[in-house]
Amino acid sequence: MSTVAPVAGSSAPPADAVTCTIDGVQIQVPKGTLIIRAAELIGIEVPRFCDHPLLDPVAACRACLVEIEGMPKPQPACAIPVAEDMVVKTQVTSEVADTAQRGVMEFLLINHPLDCPVCDKGGECPLQNQAMTHGNGSSRFDGTKRTFAKPVAVSSQILLDRERCVSCARCTRFADEIAGDPLIELFERGAKQQVATGPDAPFDSYFSGNTVQICPVGALTSSDYRFRARPFDLVSTPTACEHCASGCAIRTDSRNSTVMRRLAAEDPEVNEDWNCDKGRFAFKYLSEDRIKTPLIRDPETQEFYSASWPEALDLVADKLADYRGRTGVITGGRLTRDDAYAYAKFARVALGGDDIDFRVRASSQEEVEFLSNKVAGTGLGVTYSDIESSPMVLLAGLEPEDEAASIFLRLRKGVLAGSTKVASVSSWVSPGSAKLQAVVLAAAPGDEAMVIDALLKQSSALSEAGFEVSTQLRNKGAVILVGERLAASPGALSAVAALAEETGAKLAWVPRRAGDRGALDAGALAGLLPGGRSLTDQTARAEIAQAWGINESDLPAEPGLDLAGILEALTTEQEVSDETESAVESADVEASEEQEVADEALAEDSAKAAVDQIAEEVQLGDDEPQEPRIDALVLGGVDIRDVPNIELMREALREASFVVNLETRLSGISAYADVVLPVAVDIERIGAYANWEGRLRQFPKVNPEATAQTDGRVLAMIADEMGYPIGTGDVVEYHNELDSLGYTTGERVSFNSVKPGSAQTPGSGEAVLASWKFLLDLGMLQTGDDYLAGTRRPSVARLSPATAQSIGVTEGDLVKVSSDQGTIELPLLLTDMPDGVVWVPQNSPGSEVYATLGDAIGSTVRIAGGPKAVSDAASADAEVSA
Amino acid sequence: MAEMPENLPQPVRGFGTTFFTMFRKASTEQYPDEKVPTQPRFHGRHQLNRHPDGLEKCVGCELCAWACPADAIFVEGADNEAGERHSPGERYGAVYQINYLRCILCGLCIEACPTRALTMTNEYELADHTRESLIYTKEDLLAPLQGGMAMPPHSMVDGMSERDYYSGKVTSATPEQFAEVEARELAEEKAAEAKTDATIEAEKVASDIAKDEEQDLGGAA
């Protein structure tokens, strides 16, 4: 049964309205409205514990007893829908209801300890409050209260004090109905009834933190927050979550400007009442190990020293002015939309180039065109409500539970309500897909385009379920959600675009990081100006040049380099300049074009050809001064571990003549930076993200005393110093500036369809590597959150039974996955997936794919049996504790 | 004292009062040479009390801070970690500060305290030259150890529960608790002595290495 939101005060009653009388007040409500909600409409609050608007009624706590005319005994208001002509009397007018409620409260308090002073819920506790409003002043019970050993850790981050529990079953219902992880349940009966987990099965749900928030007593508390503050110490600020592209509304509670905890805030359009544990518990990075002053690398000692802002700005501006036109800008996923805009403007105006990319991950030229053509500057597209009631949601290269948790929750809500169906193009049936009852169209990495194409053509290769999916995609309201991983599979995005066109399904791109959609809209991508404008479109150029107060000719004429191009330029130029001391500028331009071709094909041969080409050109034109294509780098919020080819990135950072890093804390990039400039984290500034829907998620400043600068302001100071002001000093100003630019009216960047790559045929002892990141992994924004880390999923390697047999391993054995660069060793979990595919988590303990194997996802790796593991669980534990 | 005639002119009556007062007993207190005891219930400086075995009574619940009309109290609670027990039960007050520049000595905090950890003494000499010195910390406020008390952190009396502490079943620290405290203090002393120049040097090297590692995060990743 679901609760219908009643329409209060609307003049025309809905067609299916029923009329009832509550406490003498006649009221019309939609059919199916529960008495407790109808009473709320006329301002009567019936006490309740188990009732929650988003959970099914259960009438477990009996606190909401009311008198209904014609019924012999008081009835629970939270479980009975209003009927026509029903006459209800609540505690306000009925002695019977009031007595019943006080009686229930007395019963509930018999075993509830009087430990409010040491309970984390004390001060914000529904039981405390309602015992005051609907309870008796004193108890007639003088026996000994039931006690339990306390607290029990149901997971590393959730603690359970059983004697406080009133058995309302909110937590167990949440785990079962909403999260789909029924790992906690009510055990025993009567006074011994208690919430518990199964043996060796802790409550390691990605959404476990929500149970702490909805527990109406202090039975479930968070390990991290335990005893750290009382509600009256806290200043609550409504903020937006920065951990993924879901854009959840959250509430940040801080004490003395230090974040104590985060809670899910209510936003019916987005995250309803929930959020994931990463958004809730990962916030230590906000305060720990922050950089406070600019750091400059001493040229002699190679050590950083703390410098003043003027010194650092002088140096950076001097150097960047030298390298104007030859500086690459790379930004990461933590940037707000507005800051991404500042980088985009900085690259074009101050640096005079177009070499900018926000995609620090596996990417392709096909993706640049796809995003520029289909996603950038399109505003609010597919929404959460769309996916909740869509005949078919096709997930392509997207694992919502790991990559955008609120999408997972909303899809699950729709699936359970029967209003939506889910299909997924993935290498195996993940726990998330299973919970979504998704039809999984198995695709080895690289085969996604083929599978999507089959859906388009309704080819005979499709299974019966696949054919069904393909048919439903043609229904009105069908949605295709594309994950960022699909970029790594040549031709897949083209196939998706064609499928959307053919079926009429709506298309939405779901990046993993919070800043990506905003960065795209803000034009932090080569060839793309803010608002989805094409750099080569005359209208767009004129608009932007006018808005930025520059000449149109000052804007770069041709699209610049993306991340791969920048890295390639930095690492290949050096070889050339070693060969000869001179080069032609035109040769560089052509070379870079060659490199883009190389990116498209993702083939090493053509990359080599490009290098040869450069060498050739260099030999031809030897009378003009040599000028490398890229010489300096500006990086903001980049985690080096996100770069597929880390070695190439390191080499590029070493080769670059000057590297500026705008960071909140020292990172893997800082180790190579010449100057590190400190910038503000979210709690120290105002800002806005654009979530995957294209919805703007603004957040205010949490810490009023913070003085750290936004990325935009730092860039503005550099730009001023360089003599090319970009006017991004005040975050409100550049936020509004970006808003006022609006979306493109001109020609979009064209999207050229790419042919799928040829399917890989791994030989014996080989497999194609599939991978994605778990929600809880080794990400930079989760460092220091040890309780959260305890609920990470164990790192395992997955193989199909046949593939496992071919290398002679069985479940629990160690599997060695190796590339030329290194080896990952993980216990095996047999999984129903295509043969010749191996899956490992991308950035988890013991399985850092990019760092260990290099850019190997989607390519063939060697697999072999390792030494026998002690046991599956033990090795998984070892991985977690490592 | 003799009554003054009512019919005298006002100025004369005034001087008369002065004159007669010269023969009254002076009520001047020779503070600070002589310190007169206050009334027993005088609201003076606060004190954080201890259980009879020396464990702290404060559970860090912050109800005192909540009750305080002058916002003079700051408390932070914390978990009693294994081997670091400060109070019976799970929670203790890790940080406790009273700002006597703000405190109006009204005693509402005393009424709010659920464990009788916070009471007031008769000490009234609460003046000083600096703001810092008038913010009393936990060390300043904790009651001194009486006979039979052992200095926390130490474990609870064997076999006693938190409830037993409040129902008065614990009357003094046990020999085991004293032994535990003694062993801890001995170990601390030894550790301090062992910190010779050599170890200081070793620490410096270690911190240098740590710094290098921090610099080379990229290489380690």
# chains A, B, ... in the order shown; residues from 1 in each chain; ligands from 1
call {"tool": "interface_residues", "arguments": {"of": "chain A", "to": "chain B", "cutoff": "6 Å", "atoms": "only C-alpha atoms", "output": "PyMOL selection string"}}
result
chain A and resi 117-118+227-228+668+671
call {"tool": "write_last_selection", "arguments": {"atoms": "N, CA, C and O atoms", "output": "PDB file, in the first residue's frame"}}
result
ATOM      1  N   PRO A 117      20.679  11.120  28.983  1.00  0.00           N
ATOM      2  CA  PRO A 117      21.865  11.976  28.999  1.00  0.00           C
ATOM      3  C   PRO A 117      23.035  11.436  28.191  1.00  0.00           C
ATOM      4  O   PRO A 117      23.840  12.209  27.687  1.00  0.00           O
ATOM      5  N   VAL A 118      23.175  10.130  28.079  1.00  0.00           N
ATOM      6  CA  VAL A 118      24.306   9.610  27.315  1.00  0.00           C
ATOM      7  C   VAL A 118      23.885   9.083  25.955  1.00  0.00           C
ATOM      8  O   VAL A 118      24.690   8.501  25.239  1.00  0.00           O
ATOM      9  N   PHE A 227      28.645  10.020  20.644  1.00  0.00           N
ATOM     10  CA  PHE A 227      29.099  10.859  21.766  1.00  0.00           C
ATOM     11  C   PHE A 227      29.838  12.123  21.331  1.00  0.00           C
ATOM     12  O   PHE A 227      30.511  12.753  22.125  1.00  0.00           O
ATOM     13  N   ARG A 228      29.776  12.475  20.078  1.00  0.00           N
ATOM     14  CA  ARG A 228      30.601  13.616  19.649  1.00  0.00           C
ATOM     15  C   ARG A 228      29.913  14.948  19.851  1.00  0.00           C
ATOM     16  O   ARG A 228      30.579  15.980  19.931  1.00  0.00           O
ATOM     17  N   GLY A 668      48.323  13.085  -5.326  1.00  0.00           N
ATOM     18  CA  GLY A 668      49.331  12.453  -6.166  1.00  0.00           C
ATOM     19  C   GLY A 668      49.862  13.395  -7.223  1.00  0.00           C
ATOM     20  O   GLY A 668      50.979  13.251  -7.704  1.00  0.00           O
ATOM     21  N   ALA A 671      52.735  15.981  -6.005  1.00  0.00           N
ATOM     22  CA  ALA A 671      54.116  15.509  -5.966  1.00  0.00           C
ATOM     23  C   ALA A 671      54.907  15.988  -7.181  1.00  0.00           C
ATOM     24  O   ALA A 671      56.123  16.041  -7.141  1.00  0.00           O
TER      25      ALA A 671
END
call {"tool": "select_by_dssp", "arguments": {"residues": "range 53-203 of chain B", "states": "strand (DSSP E or B)", "output": "ChimeraX atom specification"}}
result
/B:56,73-79,81,84,91-99,118-120,135-136,142
call {"tool": "write_last_selection", "arguments": {"atoms": "N, CA, C and O atoms", "output": "mmCIF file, in the first residue's frame"}}
result
data_model
loop_
_atom_site.group_PDB
_atom_site.id
_atom_site.type_symbol
_atom_site.label_atom_id
_atom_site.label_comp_id
_atom_site.auth_asym_id
_atom_site.auth_seq_id
_atom_site.Cartn_x
_atom_site.Cartn_y
_atom_site.Cartn_z
ATOM 1 N N GLU B 56 35.690 9.332 37.244
ATOM 2 C CA GLU B 56 34.929 10.584 37.155
ATOM 3 C C GLU B 56 33.443 10.297 37.073
ATOM 4 O O GLU B 56 33.021 9.304 36.491
ATOM 5 N N ILE B 73 29.478 27.146 29.603
ATOM 6 C CA ILE B 73 30.046 25.801 29.734
ATOM 7 C C ILE B 73 30.230 25.176 28.361
ATOM 8 O O ILE B 73 29.362 25.280 27.506
ATOM 9 N N PHE B 74 31.376 24.529 28.176
ATOM 10 C CA PHE B 74 31.636 23.811 26.932
ATOM 11 C C PHE B 74 32.072 22.394 27.279
ATOM 12 O O PHE B 74 32.992 22.206 28.072
ATOM 13 N N VAL B 75 31.368 21.428 26.713
ATOM 14 C CA VAL B 75 31.683 20.024 27.010
ATOM 15 C C VAL B 75 31.769 19.242 25.716
ATOM 16 O O VAL B 75 31.011 19.486 24.782
ATOM 17 N N GLU B 76 32.695 18.330 25.665
ATOM 18 C CA GLU B 76 32.711 17.354 24.577
ATOM 19 C C GLU B 76 32.788 15.970 25.194
ATOM 20 O O GLU B 76 33.668 15.693 26.006
ATOM 21 N N GLY B 77 31.855 15.128 24.807
ATOM 22 C CA GLY B 77 31.859 13.760 25.304
ATOM 23 C C GLY B 77 32.771 12.884 24.473
ATOM 24 O O GLY B 77 33.206 13.262 23.398
ATOM 25 N N ALA B 78 33.085 11.700 24.999
ATOM 26 C CA ALA B 78 33.875 10.747 24.225
ATOM 27 C C ALA B 78 33.639 9.346 24.771
ATOM 28 O O ALA B 78 33.051 9.175 25.840
ATOM 29 N N ASP B 79 34.094 8.386 24.013
ATOM 30 C CA ASP B 79 33.965 6.983 24.368
ATOM 31 C C ASP B 79 35.058 6.605 25.355
ATOM 32 O O ASP B 79 36.190 7.013 25.197
ATOM 33 N N GLU B 81 37.557 4.329 25.859
ATOM 34 C CA GLU B 81 38.222 3.289 25.066
ATOM 35 C C GLU B 81 38.745 2.205 26.013
ATOM 36 O O GLU B 81 39.007 2.469 27.179
ATOM 37 N N GLU B 84 41.466 2.819 28.663
ATOM 38 C CA GLU B 84 41.494 4.270 28.892
ATOM 39 C C GLU B 84 40.193 4.709 29.554
ATOM 40 O O GLU B 84 39.536 5.602 29.074
ATOM 41 N N ARG B 91 30.437 6.483 28.351
ATOM 42 C CA ARG B 91 30.752 7.840 27.921
ATOM 43 C C ARG B 91 31.374 8.647 29.056
ATOM 44 O O ARG B 91 31.027 8.460 30.217
ATOM 45 N N TYR B 92 32.287 9.528 28.726
ATOM 46 C CA TYR B 92 32.820 10.436 29.733
ATOM 47 C C TYR B 92 33.033 11.811 29.104
ATOM 48 O O TYR B 92 32.974 11.963 27.887
ATOM 49 N N GLY B 93 33.240 12.782 29.964
ATOM 50 C CA GLY B 93 33.463 14.132 29.457
ATOM 51 C C GLY B 93 34.930 14.314 29.133
ATOM 52 O O GLY B 93 35.765 14.407 30.028
ATOM 53 N N ALA B 94 35.265 14.343 27.856
ATOM 54 C CA ALA B 94 36.674 14.439 27.464
ATOM 55 C C ALA B 94 37.174 15.870 27.586
ATOM 56 O O ALA B 94 38.297 16.130 27.995
ATOM 57 N N VAL B 95 36.311 16.801 27.213
ATOM 58 C CA VAL B 95 36.662 18.216 27.335
ATOM 59 C C VAL B 95 35.621 18.854 28.241
ATOM 60 O O VAL B 95 34.424 18.625 28.069
ATOM 61 N N TYR B 96 36.072 19.607 29.219
ATOM 62 C CA TYR B 96 35.121 20.285 30.092
ATOM 63 C C TYR B 96 35.681 21.666 30.429
ATOM 64 O O TYR B 96 36.765 21.775 30.982
ATOM 65 N N GLN B 97 34.967 22.685 30.050
ATOM 66 C CA GLN B 97 35.451 24.043 30.315
ATOM 67 C C GLN B 97 34.317 24.898 30.879
ATOM 68 O O GLN B 97 33.190 24.823 30.393
ATOM 69 N N ILE B 98 34.650 25.688 31.879
ATOM 70 C CA ILE B 98 33.698 26.706 32.331
ATOM 71 C C ILE B 98 34.387 28.066 32.228
ATOM 72 O O ILE B 98 35.507 28.240 32.705
ATOM 73 N N ASN B 99 33.729 28.952 31.583
ATOM 74 C CA ASN B 99 34.266 30.288 31.388
ATOM 75 C C ASN B 99 33.741 31.192 32.504
ATOM 76 O O ASN B 99 32.577 31.577 32.509
ATOM 77 N N LEU B 118 28.609 17.451 38.761
ATOM 78 C CA LEU B 118 28.933 18.873 38.877
ATOM 79 C C LEU B 118 28.270 19.435 40.131
ATOM 80 O O LEU B 118 27.057 19.350 40.295
ATOM 81 N N THR B 119 29.053 19.956 41.018
ATOM 82 C CA THR B 119 28.524 20.658 42.190
ATOM 83 C C THR B 119 29.308 21.947 42.327
ATOM 84 O O THR B 119 30.258 22.186 41.582
ATOM 85 N N MET B 120 28.903 22.754 43.302
ATOM 86 C CA MET B 120 29.627 24.012 43.478
ATOM 87 C C MET B 120 30.312 24.025 44.830
ATOM 88 O O MET B 120 29.789 23.527 45.828
ATOM 89 N N ILE B 135 39.147 30.745 31.925
ATOM 90 C CA ILE B 135 38.441 29.589 31.362
ATOM 91 C C ILE B 135 39.002 28.363 32.045
ATOM 92 O O ILE B 135 40.117 27.936 31.776
ATOM 93 N N TYR B 136 38.252 27.842 32.991
ATOM 94 C CA TYR B 136 38.729 26.708 33.787
ATOM 95 C C TYR B 136 38.523 25.432 32.975
ATOM 96 O O TYR B 136 37.449 25.203 32.430
ATOM 97 N N LEU B 142 38.310 19.331 38.276
ATOM 98 C CA LEU B 142 38.164 17.996 38.865
ATOM 99 C C LEU B 142 38.504 18.023 40.346
ATOM 100 O O LEU B 142 39.485 18.645 40.764
#
call {"tool": "residues_around", "arguments": {"residues": "Arg334 in chain A", "least_positions_apart": "4", "cutoff": "8 Å", "atoms": "only C-alpha atoms", "output": "JSON list (two decimals) with C-alpha atoms, in the first residue's frame"}}
result
[["chain", "number", "residue", "atom", "x", "y", "z"],
["A", 242, "GLU", "CA", 29.47, 16.32, -3.55],
["A", 243, "HIS", "CA", 30.15, 12.60, -3.77],
["A", 513, "ARG", "CA", 31.38, 12.46, -10.20],
["A", 514, "ALA", "CA", 29.34, 15.38, -8.92],
["A", 515, "GLY", "CA", 31.15, 17.97, -10.99],
["A", 637, "GLY", "CA", 40.94, 18.50, -8.27]]
call {"tool": "closest_residue", "arguments": {"among": "B:Cys68, B:Val36, B:Ala191, B:Leu101", "to": "His129 in chain B", "atoms": "only C-alpha atoms"}}
result
B:Leu101
call {"tool": "residues_around", "arguments": {"residues": "Gln39 in chain B", "least_positions_apart": "3", "cutoff": "12 Å", "atoms": "only C-alpha atoms", "output": "list in words"}}
result
Val36, Phe42, His43, Gly44, Thr121, Asn122, Glu123 and Tyr124 of chain B
call {"tool": "write_last_selection", "arguments": {"atoms": "N, CA, C and O atoms", "output": "PDB file, in the first residue's frame"}}
result
ATOM      1  N   VAL B  36      36.634  35.421  55.484  1.00  0.00           N
ATOM      2  CA  VAL B  36      35.471  34.975  56.247  1.00  0.00           C
ATOM      3  C   VAL B  36      34.810  33.826  55.499  1.00  0.00           C
ATOM      4  O   VAL B  36      34.585  33.928  54.289  1.00  0.00           O
ATOM      5  N   PHE B  42      26.720  28.671  49.620  1.00  0.00           N
ATOM      6  CA  PHE B  42      27.157  29.725  48.709  1.00  0.00           C
ATOM      7  C   PHE B  42      27.557  29.125  47.357  1.00  0.00           C
ATOM      8  O   PHE B  42      28.185  28.071  47.287  1.00  0.00           O
ATOM      9  N   HIS B  43      27.152  29.783  46.275  1.00  0.00           N
ATOM     10  CA  HIS B  43      27.476  29.299  44.934  1.00  0.00           C
ATOM     11  C   HIS B  43      28.846  29.776  44.512  1.00  0.00           C
ATOM     12  O   HIS B  43      28.994  30.891  44.025  1.00  0.00           O
ATOM     13  N   GLY B  44      29.854  28.958  44.714  1.00  0.00           N
ATOM     14  CA  GLY B  44      31.211  29.331  44.316  1.00  0.00           C
ATOM     15  C   GLY B  44      31.659  28.535  43.102  1.00  0.00           C
ATOM     16  O   GLY B  44      30.847  28.028  42.333  1.00  0.00           O
ATOM     17  N   THR B 121      31.497  24.583  44.846  1.00  0.00           N
ATOM     18  CA  THR B 121      32.232  24.724  46.104  1.00  0.00           C
ATOM     19  C   THR B 121      31.949  26.117  46.651  1.00  0.00           C
ATOM     20  O   THR B 121      31.203  26.894  46.049  1.00  0.00           O
ATOM     21  N   ASN B 122      32.541  26.433  47.760  1.00  0.00           N
ATOM     22  CA  ASN B 122      32.358  27.772  48.328  1.00  0.00           C
ATOM     23  C   ASN B 122      33.452  28.735  47.891  1.00  0.00           C
ATOM     24  O   ASN B 122      33.513  29.863  48.362  1.00  0.00           O
ATOM     25  N   GLU B 123      34.311  28.277  47.027  1.00  0.00           N
ATOM     26  CA  GLU B 123      35.433  29.124  46.626  1.00  0.00           C
ATOM     27  C   GLU B 123      34.937  30.273  45.750  1.00  0.00           C
ATOM     28  O   GLU B 123      34.256  30.059  44.745  1.00  0.00           O
ATOM     29  N   TYR B 124      35.284  31.504  46.173  1.00  0.00           N
ATOM     30  CA  TYR B 124      34.739  32.645  45.457  1.00  0.00           C
ATOM     31  C   TYR B 124      35.828  33.512  44.814  1.00  0.00           C
ATOM     32  O   TYR B 124      35.546  34.519  44.193  1.00  0.00           O
TER      33      TYR B 124
END
call {"tool": "residues_around", "arguments": {"residues": "range 161-166 of chain A", "least_positions_apart": "5", "cutoff": "8 Å", "atoms": "only C-alpha atoms", "output": "ChimeraX atom specification"}}
result
/A:61,108,111-113,146-148,150-152,194-195,217-220
call {"tool": "residues_around", "arguments": {"residues": "range 20-25 of chain A", "least_positions_apart": "2", "cutoff": "6 Å", "atoms": "only C-alpha atoms", "output": "list in words"}}
result
Ile27, Glu84, Asp85, Met86, Val87, Val88, Lys89 and Thr93 of chain A
call {"tool": "write_last_selection", "arguments": {"atoms": "N, CA and C atoms", "output": "PDB file, in the first residue's frame"}}
result
ATOM      1  N   ILE A  27     -13.376  16.494   6.346  1.00  0.00           N
ATOM      2  CA  ILE A  27     -12.256  16.702   5.428  1.00  0.00           C
ATOM      3  C   ILE A  27     -12.356  15.730   4.270  1.00  0.00           C
ATOM      4  N   GLU A  84     -15.148   6.280   3.310  1.00  0.00           N
ATOM      5  CA  GLU A  84     -16.224   7.254   3.156  1.00  0.00           C
ATOM      6  C   GLU A  84     -17.033   7.334   4.450  1.00  0.00           C
ATOM      7  N   ASP A  85     -17.296   8.549   4.888  1.00  0.00           N
ATOM      8  CA  ASP A  85     -18.135   8.811   6.075  1.00  0.00           C
ATOM      9  C   ASP A  85     -17.560   8.239   7.368  1.00  0.00           C
ATOM     10  N   MET A  86     -16.300   7.976   7.371  1.00  0.00           N
ATOM     11  CA  MET A  86     -15.667   7.477   8.593  1.00  0.00           C
ATOM     12  C   MET A  86     -15.634   8.596   9.635  1.00  0.00           C
ATOM     13  N   VAL A  87     -15.916   8.253  10.881  1.00  0.00           N
ATOM     14  CA  VAL A  87     -15.836   9.253  11.947  1.00  0.00           C
ATOM     15  C   VAL A  87     -14.717   8.837  12.899  1.00  0.00           C
ATOM     16  N   VAL A  88     -13.680   9.664  12.942  1.00  0.00           N
ATOM     17  CA  VAL A  88     -12.492   9.337  13.742  1.00  0.00           C
ATOM     18  C   VAL A  88     -12.367  10.337  14.872  1.00  0.00           C
ATOM     19  N   LYS A  89     -12.021   9.813  16.041  1.00  0.00           N
ATOM     20  CA  LYS A  89     -11.732  10.720  17.151  1.00  0.00           C
ATOM     21  C   LYS A  89     -10.326  10.425  17.643  1.00  0.00           C
ATOM     22  N   THR A  93     -10.137  14.689  21.065  1.00  0.00           N
ATOM     23  CA  THR A  93     -11.544  14.710  21.495  1.00  0.00           C
ATOM     24  C   THR A  93     -11.979  13.419  22.175  1.00  0.00           C
TER      25      THR A  93
END
call {"tool": "residues_around", "arguments": {"residues": "Ala229 in chain A", "least_positions_apart": "2", "cutoff": "8 Å", "atoms": "only C-alpha atoms", "output": "list in words"}}
result
Asp120, Tyr225, Arg226, Phe227, Pro231, Asp233, Leu234, Arg255 and Met260 of chain A; Glu76 and Gly77 of chain B
call {"tool": "write_last_selection", "arguments": {"atoms": "N, CA, C and O atoms", "output": "mmCIF file, in the first residue's frame"}}
result
data_model
loop_
_atom_site.group_PDB
_atom_site.id
_atom_site.type_symbol
_atom_site.label_atom_id
_atom_site.label_comp_id
_atom_site.auth_asym_id
_atom_site.auth_seq_id
_atom_site.Cartn_x
_atom_site.Cartn_y
_atom_site.Cartn_z
ATOM 1 N N ASP A 120 22.794 9.426 22.076
ATOM 2 C CA ASP A 120 22.990 10.382 20.976
ATOM 3 C C ASP A 120 21.687 10.973 20.474
ATOM 4 O O ASP A 120 21.670 12.032 19.842
ATOM 5 N N TYR A 225 29.698 9.236 14.827
ATOM 6 C CA TYR A 225 29.134 10.398 15.518
ATOM 7 C C TYR A 225 28.950 10.140 17.007
ATOM 8 O O TYR A 225 28.731 11.058 17.772
ATOM 9 N N ARG A 226 29.066 8.885 17.417
ATOM 10 C CA ARG A 226 28.731 8.516 18.785
ATOM 11 C C ARG A 226 29.436 9.408 19.811
ATOM 12 O O ARG A 226 30.652 9.532 19.828
ATOM 13 N N PHE A 227 28.645 10.020 20.644
ATOM 14 C CA PHE A 227 29.099 10.859 21.766
ATOM 15 C C PHE A 227 29.838 12.123 21.331
ATOM 16 O O PHE A 227 30.511 12.753 22.125
ATOM 17 N N PRO A 231 22.381 17.489 20.037
ATOM 18 C CA PRO A 231 21.673 18.249 18.990
ATOM 19 C C PRO A 231 21.742 19.762 19.172
ATOM 20 O O PRO A 231 21.846 20.496 18.206
ATOM 21 N N ASP A 233 24.116 21.488 20.209
ATOM 22 C CA ASP A 233 25.424 22.062 19.868
ATOM 23 C C ASP A 233 25.515 22.381 18.388
ATOM 24 O O ASP A 233 26.400 23.102 17.955
ATOM 25 N N LEU A 234 24.647 21.732 17.619
ATOM 26 C CA LEU A 234 24.877 21.675 16.183
ATOM 27 C C LEU A 234 24.199 22.817 15.434
ATOM 28 O O LEU A 234 23.095 23.218 15.784
ATOM 29 N N ARG A 255 29.685 21.722 14.456
ATOM 30 C CA ARG A 255 29.869 22.277 15.791
ATOM 31 C C ARG A 255 31.182 23.029 15.782
ATOM 32 O O ARG A 255 32.219 22.455 15.431
ATOM 33 N N MET A 260 30.224 17.600 12.123
ATOM 34 C CA MET A 260 30.073 16.475 13.038
ATOM 35 C C MET A 260 29.375 15.309 12.354
ATOM 36 O O MET A 260 29.657 14.156 12.614
ATOM 37 N N GLU B 76 32.695 18.330 25.665
ATOM 38 C CA GLU B 76 32.711 17.354 24.577
ATOM 39 C C GLU B 76 32.788 15.970 25.194
ATOM 40 O O GLU B 76 33.668 15.693 26.006
ATOM 41 N N GLY B 77 31.855 15.128 24.807
ATOM 42 C CA GLY B 77 31.859 13.760 25.304
ATOM 43 C C GLY B 77 32.771 12.884 24.473
ATOM 44 O O GLY B 77 33.206 13.262 23.398
#
call {"tool": "atom_distance", "arguments": {"atom1": "CA of Asn703 in chain A", "atom2": "CA of Pro238 in chain A"}}
result
12.4 Å
call {"tool": "atom_distance", "arguments": {"atom1": "CA of Gly43 in chain A", "atom2": "CA of Glu106 in chain A"}}
result
24.9 Å
call {"tool": "select_by_dssp", "arguments": {"residues": "range 18-220 of chain B", "states": "helix (DSSP H, G or I)", "output": "PyMOL selection string"}}
result
chain B and resi 18-21+63-67+108-112+132-134+138-141+162-166+175-194+197-215+217-220
call {"tool": "atom_distance", "arguments": {"atom1": "CA of Ala344 in chain A", "atom2": "CA of Lys292 in chain A"}}
result
25.1 Å
call {"tool": "closest_residue", "arguments": {"among": "B:Leu186, B:Arg24, B:Ser161, B:Ala72", "to": "Leu105 in chain B", "atoms": "only C-alpha atoms"}}
result
B:Ala72
